[in-house]
Amino acid sequence: MNYISNAANELMPTNAVIETILSRSAAKYYDPTATLSDDEIRDLVRIGTSAPTSFHLQNWRFIAVRTPEAKARLHPIAWKQPAILDAAVTFIIVGQLANASTVPARLAPVVEAGIMPAHLVPEWEIPARGLYDDQPQRQRDEAVRSATFGTAAIIYAARSLGLGSTPMIGFDAEAVHREFGLAEDEVPVMLLTVGPERAGNWPQKPRMPVADVLDFA
């Protein structure tokens, strides 16, 4: 196993995945002339959807804002942040309110693939209904949670491909919902700009010591 020194000169294990995570930083400056193909965007989302979701709900959607016209629609309702115009693509990360009635449909491919026996599907749907039915706050919490997991996977996939990314909460949620036709059960969780970077971005900023954020029980 390989080891590297952290900021406190402590040895920690490393490999290509860990180095990708530790080298990631939020990109402010993007190459405005660069583009990503539709296939490259699809690949990022495909990787993002490998992230975990409760009961395999997969309660997310990703809107890839990449044309000049779509960027012009998003820019003013995203606090006119330059990255919206400069990045190759900005994903509107959409979380869908947790809906237990979708469990059978979500698990059907799992059963078909021979991973789960069919008789277990109700054993997943029933507790999911107990958890989410008539629980609007819990439904929304799960929408945000799932969308965030998916976003994180895209962020690290982008970094591994040499692309910058920045998650953003600076936008008018109601305006984004309206302008991009989100459904009633959908929440615009965050924006995520992705694309080739230009010079001037900072490296990853130092983090709080582990001793300040970790307790053992």
# chains A, B, ... in the order shown; residues from 1 in each chain; ligands from 1

$ select_by_dssp --residues "chain A" --states "strand (DSSP E)" --output "PDB file with C-alpha atoms, in the first residue's frame"
ATOM      1  CA  ASN A   2       1.240   3.488  -0.849  1.00  0.00           C
ATOM      2  CA  TYR A   3       1.229   6.336   1.665  1.00  0.00           C
ATOM      3  CA  ILE A   4       1.391  10.116   1.444  1.00  0.00           C
ATOM      4  CA  SER A   5       1.815  12.844   4.040  1.00  0.00           C
ATOM      5  CA  LEU A  11       1.060   9.335   6.811  1.00  0.00           C
ATOM      6  CA  MET A  12      -2.175   8.219   5.188  1.00  0.00           C
ATOM      7  CA  PRO A  13      -2.940   5.559   2.553  1.00  0.00           C
ATOM      8  CA  THR A  14      -3.283   6.632  -1.043  1.00  0.00           C
ATOM      9  CA  TRP A  60     -33.152  12.440  -9.046  1.00  0.00           C
ATOM     10  CA  ARG A  61     -32.956  14.134 -12.420  1.00  0.00           C
ATOM     11  CA  PHE A  62     -30.200  16.135 -14.115  1.00  0.00           C
ATOM     12  CA  ILE A  63     -30.761  19.025 -16.528  1.00  0.00           C
ATOM     13  CA  ALA A  64     -27.637  19.750 -18.600  1.00  0.00           C
ATOM     14  CA  VAL A  65     -27.576  23.456 -19.434  1.00  0.00           C
ATOM     15  CA  VAL A  89     -22.127  22.635 -18.814  1.00  0.00           C
ATOM     16  CA  THR A  90     -24.106  23.512 -15.726  1.00  0.00           C
ATOM     17  CA  PHE A  91     -26.205  20.711 -14.298  1.00  0.00           C
ATOM     18  CA  ILE A  92     -29.403  21.638 -12.531  1.00  0.00           C
ATOM     19  CA  ILE A  93     -29.445  18.906  -9.910  1.00  0.00           C
ATOM     20  CA  VAL A  94     -33.056  17.925  -9.296  1.00  0.00           C
ATOM     21  CA  GLY A  95     -34.208  15.856  -6.351  1.00  0.00           C
ATOM     22  CA  GLN A  96     -37.600  14.168  -6.492  1.00  0.00           C
ATOM     23  CA  GLY A 164     -13.130  21.301 -12.952  1.00  0.00           C
ATOM     24  CA  SER A 165     -16.447  21.529 -11.140  1.00  0.00           C
ATOM     25  CA  THR A 166     -18.240  23.741  -8.651  1.00  0.00           C
ATOM     26  CA  PRO A 167     -21.453  22.990  -6.724  1.00  0.00           C
ATOM     27  CA  MET A 168     -23.533  26.145  -6.265  1.00  0.00           C
ATOM     28  CA  GLU A 186     -39.210  18.112  -7.820  1.00  0.00           C
ATOM     29  CA  VAL A 187     -36.730  20.280  -5.921  1.00  0.00           C
ATOM     30  CA  PRO A 188     -33.809  22.166  -7.526  1.00  0.00           C
ATOM     31  CA  VAL A 189     -31.184  21.083  -4.995  1.00  0.00           C
ATOM     32  CA  MET A 190     -28.099  22.780  -6.441  1.00  0.00           C
ATOM     33  CA  LEU A 191     -26.298  23.766  -9.617  1.00  0.00           C
ATOM     34  CA  LEU A 192     -23.075  22.057 -10.679  1.00  0.00           C
ATOM     35  CA  THR A 193     -20.786  23.684 -13.233  1.00  0.00           C
ATOM     36  CA  VAL A 194     -18.379  21.328 -15.030  1.00  0.00           C
ATOM     37  CA  GLY A 195     -15.760  21.902 -17.696  1.00  0.00           C
TER      38      GLY A 195
END

$ select_by_dssp --residues "region 4-216 of chain A" --states "helix (DSSP H, G or I)" --output "ChimeraX atom specification"
/A:16-23,38-48,54-56,68-78,82-86,100-112,118-132,136-160,173-179,210-213

$ closest_atom_pairs --of "region 128-187 of chain A" --to "region 66-80 of chain A" --cutoff "6 Å" --atoms "only C-alpha atoms" --output "Markdown table"
| residue | atom | partner | partner_atom | distance |
| --- | --- | --- | --- | --- |
| A:Gly170 | CA | A:Ala78 | CA | 5.9 |
| A:Phe171 | CA | A:Ala78 | CA | 4.0 |
| A:Asp172 | CA | A:Ile77 | CA | 5.5 |

$ residues_around --residues "region 202-211 of chain A" --least-positions-apart "5" --cutoff "7 Å" --atoms "only C-alpha atoms" --output "count of residues only"
3

$ residues_around --residues "Thr49 (chain A)" --least-positions-apart "5" --cutoff "12 Å" --atoms "only C-alpha atoms" --output "list of chain:residue names"
A:Arg42, A:Asp43, A:Leu44, A:His56, A:Leu57, A:Gln58, A:Asn59, A:Trp60, A:Arg61, A:Phe62, A:Ile93, A:Ser146, A:Ala147, A:Thr148, A:Phe149, A:Gly150, A:Thr151, A:Ala152, A:Ala153, A:Ile154, A:Ala157

$ write_last_selection --atoms "C-alpha atoms" --output "mmCIF file, in the first residue's frame"
data_model
loop_
_atom_site.group_PDB
_atom_site.id
_atom_site.type_symbol
_atom_site.label_atom_id
_atom_site.label_comp_id
_atom_site.auth_asym_id
_atom_site.auth_seq_id
_atom_site.Cartn_x
_atom_site.Cartn_y
_atom_site.Cartn_z
ATOM 1 C CA ARG A 42 -24.190 11.391 -20.523
ATOM 2 C CA ASP A 43 -21.157 9.554 -19.161
ATOM 3 C CA LEU A 44 -20.896 11.935 -16.194
ATOM 4 C CA HIS A 56 -33.105 2.161 -4.700
ATOM 5 C CA LEU A 57 -35.532 5.045 -5.349
ATOM 6 C CA GLN A 58 -33.130 6.848 -7.718
ATOM 7 C CA ASN A 59 -35.179 9.960 -7.029
ATOM 8 C CA TRP A 60 -33.152 12.440 -9.046
ATOM 9 C CA ARG A 61 -32.956 14.134 -12.420
ATOM 10 C CA PHE A 62 -30.200 16.135 -14.115
ATOM 11 C CA ILE A 93 -29.445 18.906 -9.910
ATOM 12 C CA SER A 146 -30.160 11.514 -3.055
ATOM 13 C CA ALA A 147 -29.395 14.470 -5.299
ATOM 14 C CA THR A 148 -26.351 15.354 -3.202
ATOM 15 C CA PHE A 149 -24.960 11.818 -3.407
ATOM 16 C CA GLY A 150 -25.356 11.889 -7.192
ATOM 17 C CA THR A 151 -23.705 15.294 -7.424
ATOM 18 C CA ALA A 152 -20.700 14.148 -5.394
ATOM 19 C CA ALA A 153 -20.176 11.202 -7.734
ATOM 20 C CA ILE A 154 -20.207 13.544 -10.755
ATOM 21 C CA ALA A 157 -15.716 11.631 -11.868
#

$ atom_distance --atom1 "CA of Ala113 (chain A)" --atom2 "CA of Gly48 (chain A)"
20.7 Å
